[in-house]
Amino acid sequence: MSKQEDTNYWLMKSEPDVFSFEDLMAKKTTFWDGVRNYMARNYMMRDMKVGDLVLFYHSNAKPSGIAGIATISSEARPDASSFDKNSDYYDQKSTPDKPRWFAVDVSFYRTLPSFVSLDQVKKNKKLKKMVLLNNSRLSVQPVTKNEFDLILEMSQLGGT
DNA sequence: GCCAACGTTGGC
DNA sequence: GCCAACGTTGGC
């Protein structure tokens with residue numbers, strides 16, 4: 001097994017009404033807390049590295065799609081909102097001694113020439129295998145370099 | 001606002 | 001450890 005030194009690529013979903021790519025641009029860095037799905041957590045905890053690139057996806061939006069590029073800016077650390085009884089994300093099975101949920105920092109990286117809608121992604125036959133289209137409920141998901149590059153290409157073509 | 005898809009919970 | 005019931009996500 002060879003050591004993987006290449007950047008990994010991801011797609012992370014956020015509802016723009018709650019936290020949009022524009023919000024990330026303004027804030028620069030945000031802690032990606034509130035994820036309560038084990039697969040999504042495991043990607044953040046085990047597989048993400050500082051410098052990985054992220055397609056920032058707007059879900060439940062009009063339209064939904066890829067709004068910009070972000071980058072992973074910290075290793076995973078315990079998600080303190082899971083200990084906070086007043087948080088919407090409180091989980092009584094998670095404690096500071098034995099945290100169940102973890103998250104990473106996500107930072108603004110760059111804007112895209114144009115928004116790439118879910119509809120455009122669906123129409124691109126080369127993107128048929130994207131997790132986005134096959135496990136639509138996963139909020140943190142891996143993307144291949146090829147898929148990432150194709151999205152960027154689509155964004156250039158759609159650009160103004 | 002509806003509802004399909006799917007992850008999680010809990011009874012057995 | 002199975003699986004039905006339930007709750008949530010997210011497109012439309």
# chains A, B, ... in the order shown; residues from 1 in each chain; ligands from 1

call {"tool": "closest_atom_pairs", "arguments": {"of": "chain B", "to": "chain A", "cutoff": "9 Å", "atoms": "only C-alpha atoms (C1' of nucleotides)", "output": "Markdown table"}}
result
| residue | atom | partner | partner_atom | distance |
| --- | --- | --- | --- | --- |
| B:DA5 | C1' | A:Arg137 | CA | 8.1 |
| B:DC6 | C1' | A:Arg137 | CA | 7.5 |
| B:DG7 | C1' | A:Asn37 | CA | 7.9 |

call {"tool": "write_last_selection", "arguments": {"atoms": "C-alpha atoms (C1' of nucleotides)", "output": "mmCIF file, in the first residue's frame"}}
result
data_model
loop_
_atom_site.group_PDB
_atom_site.id
_atom_site.type_symbol
_atom_site.label_atom_id
_atom_site.label_comp_id
_atom_site.auth_asym_id
_atom_site.auth_seq_id
_atom_site.Cartn_x
_atom_site.Cartn_y
_atom_site.Cartn_z
ATOM 1 C "C1'" DA B 5 -35.377 7.137 0.428
ATOM 2 C "C1'" DC B 6 -32.867 5.732 4.005
ATOM 3 C "C1'" DG B 7 -30.523 5.889 8.682
#

call {"tool": "residues_around", "arguments": {"residues": "DG11 (chain C)", "least_positions_apart": "5", "cutoff": "12 Å", "atoms": "only C-alpha atoms (C1' of nucleotides)", "output": "PDB file with N, CA and C atoms (P, O5', C5', C4', C3', O3' and C1' of nucleotides), in the first residue's frame"}}
result
ATOM      1  N   SER A  59     -28.175  22.707  -0.188  1.00  0.00           N
ATOM      2  CA  SER A  59     -29.317  21.783  -0.253  1.00  0.00           C
ATOM      3  C   SER A  59     -30.585  22.517   0.161  1.00  0.00           C
ATOM      4  N   ASN A  60     -31.712  21.926  -0.190  1.00  0.00           N
ATOM      5  CA  ASN A  60     -33.006  22.558   0.098  1.00  0.00           C
ATOM      6  C   ASN A  60     -33.029  23.995  -0.386  1.00  0.00           C
ATOM      7  N   ALA A  61     -32.472  24.209  -1.575  1.00  0.00           N
ATOM      8  CA  ALA A  61     -32.319  25.568  -2.091  1.00  0.00           C
ATOM      9  C   ALA A  61     -33.041  25.689  -3.427  1.00  0.00           C
ATOM     10  N   LYS A  62     -33.142  26.908  -3.894  1.00  0.00           N
ATOM     11  CA  LYS A  62     -33.795  27.168  -5.176  1.00  0.00           C
ATOM     12  C   LYS A  62     -32.861  27.893  -6.116  1.00  0.00           C
ATOM     13  N   PRO A  63     -32.115  27.195  -6.946  1.00  0.00           N
ATOM     14  CA  PRO A  63     -32.036  25.730  -6.994  1.00  0.00           C
ATOM     15  C   PRO A  63     -30.946  25.218  -6.061  1.00  0.00           C
ATOM     16  N   SER A  64     -30.951  23.884  -5.847  1.00  0.00           N
ATOM     17  CA  SER A  64     -29.853  23.264  -5.125  1.00  0.00           C
ATOM     18  C   SER A  64     -28.675  23.102  -6.072  1.00  0.00           C
ATOM     19  N   GLY A  65     -27.465  23.091  -5.514  1.00  0.00           N
ATOM     20  CA  GLY A  65     -26.287  22.891  -6.351  1.00  0.00           C
ATOM     21  C   GLY A  65     -25.014  23.341  -5.667  1.00  0.00           C
ATOM     22  N   LEU A 118     -27.835  21.143  -9.324  1.00  0.00           N
ATOM     23  CA  LEU A 118     -28.034  19.695  -9.252  1.00  0.00           C
ATOM     24  C   LEU A 118     -28.528  19.171 -10.600  1.00  0.00           C
ATOM     25  N   ASP A 119     -29.377  19.938 -11.234  1.00  0.00           N
ATOM     26  CA  ASP A 119     -29.907  19.548 -12.540  1.00  0.00           C
ATOM     27  C   ASP A 119     -28.793  19.369 -13.574  1.00  0.00           C
ATOM     28  N   LEU A 132     -23.556  12.059  -4.581  1.00  0.00           N
ATOM     29  CA  LEU A 132     -24.671  13.015  -4.528  1.00  0.00           C
ATOM     30  C   LEU A 132     -25.927  12.477  -5.214  1.00  0.00           C
ATOM     31  N   LEU A 133     -25.731  11.756  -6.311  1.00  0.00           N
ATOM     32  CA  LEU A 133     -26.874  11.255  -7.078  1.00  0.00           C
ATOM     33  C   LEU A 133     -27.336   9.881  -6.612  1.00  0.00           C
ATOM     34  N   SER A 136     -28.439  10.413  -1.741  1.00  0.00           N
ATOM     35  CA  SER A 136     -28.707  11.845  -1.700  1.00  0.00           C
ATOM     36  C   SER A 136     -28.844  12.381  -0.286  1.00  0.00           C
ATOM     37  N   ARG A 137     -28.934  11.488   0.711  1.00  0.00           N
ATOM     38  CA  ARG A 137     -29.142  11.991   2.071  1.00  0.00           C
ATOM     39  C   ARG A 137     -27.867  12.165   2.866  1.00  0.00           C
TER      40      ARG A 137
ATOM     41  P    DC B   2     -49.404  18.290   2.753  1.00  0.00           P
ATOM     42  O5'  DC B   2     -48.583  17.434   1.707  1.00  0.00           O
ATOM     43  C5'  DC B   2     -48.812  17.608   0.301  1.00  0.00           C
ATOM     44  C4'  DC B   2     -47.931  16.643  -0.455  1.00  0.00           C
ATOM     45  C3'  DC B   2     -47.903  15.244   0.150  1.00  0.00           C
ATOM     46  O3'  DC B   2     -48.074  14.311  -0.901  1.00  0.00           O
ATOM     47  C1'  DC B   2     -45.688  16.099  -0.034  1.00  0.00           C
ATOM     48  P    DC B   3     -48.421  12.812  -0.590  1.00  0.00           P
ATOM     49  O5'  DC B   3     -46.989  12.141  -0.734  1.00  0.00           O
ATOM     50  C5'  DC B   3     -46.249  12.262  -1.949  1.00  0.00           C
ATOM     51  C4'  DC B   3     -44.850  11.741  -1.705  1.00  0.00           C
ATOM     52  C3'  DC B   3     -44.813  10.468  -0.854  1.00  0.00           C
ATOM     53  O3'  DC B   3     -43.789   9.640  -1.337  1.00  0.00           O
ATOM     54  C1'  DC B   3     -43.415  12.046   0.078  1.00  0.00           C
ATOM     55  P    DA B   4     -44.153   8.209  -1.896  1.00  0.00           P
ATOM     56  O5'  DA B   4     -42.790   7.785  -2.596  1.00  0.00           O
ATOM     57  C5'  DA B   4     -42.154   8.654  -3.549  1.00  0.00           C
ATOM     58  C4'  DA B   4     -40.661   8.565  -3.378  1.00  0.00           C
ATOM     59  C3'  DA B   4     -40.153   7.164  -3.035  1.00  0.00           C
ATOM     60  O3'  DA B   4     -38.964   6.978  -3.778  1.00  0.00           O
ATOM     61  C1'  DA B   4     -39.533   8.688  -1.312  1.00  0.00           C
ATOM     62  P    DA B   5     -38.079   5.676  -3.654  1.00  0.00           P
ATOM     63  O5'  DA B   5     -36.952   6.129  -2.628  1.00  0.00           O
ATOM     64  C5'  DA B   5     -36.065   7.172  -2.992  1.00  0.00           C
ATOM     65  C4'  DA B   5     -35.060   7.338  -1.881  1.00  0.00           C
ATOM     66  C3'  DA B   5     -34.423   6.021  -1.427  1.00  0.00           C
ATOM     67  O3'  DA B   5     -33.034   6.266  -1.331  1.00  0.00           O
ATOM     68  C1'  DA B   5     -35.377   7.137   0.428  1.00  0.00           C
TER      69       DA B   5
END

call {"tool": "closest_residue", "arguments": {"among": "A:Gln156, A:Ser74, A:Ser20, A:Gln120", "to": "Ser107 (chain A)", "atoms": "only C-alpha atoms"}}
result
A:Ser74
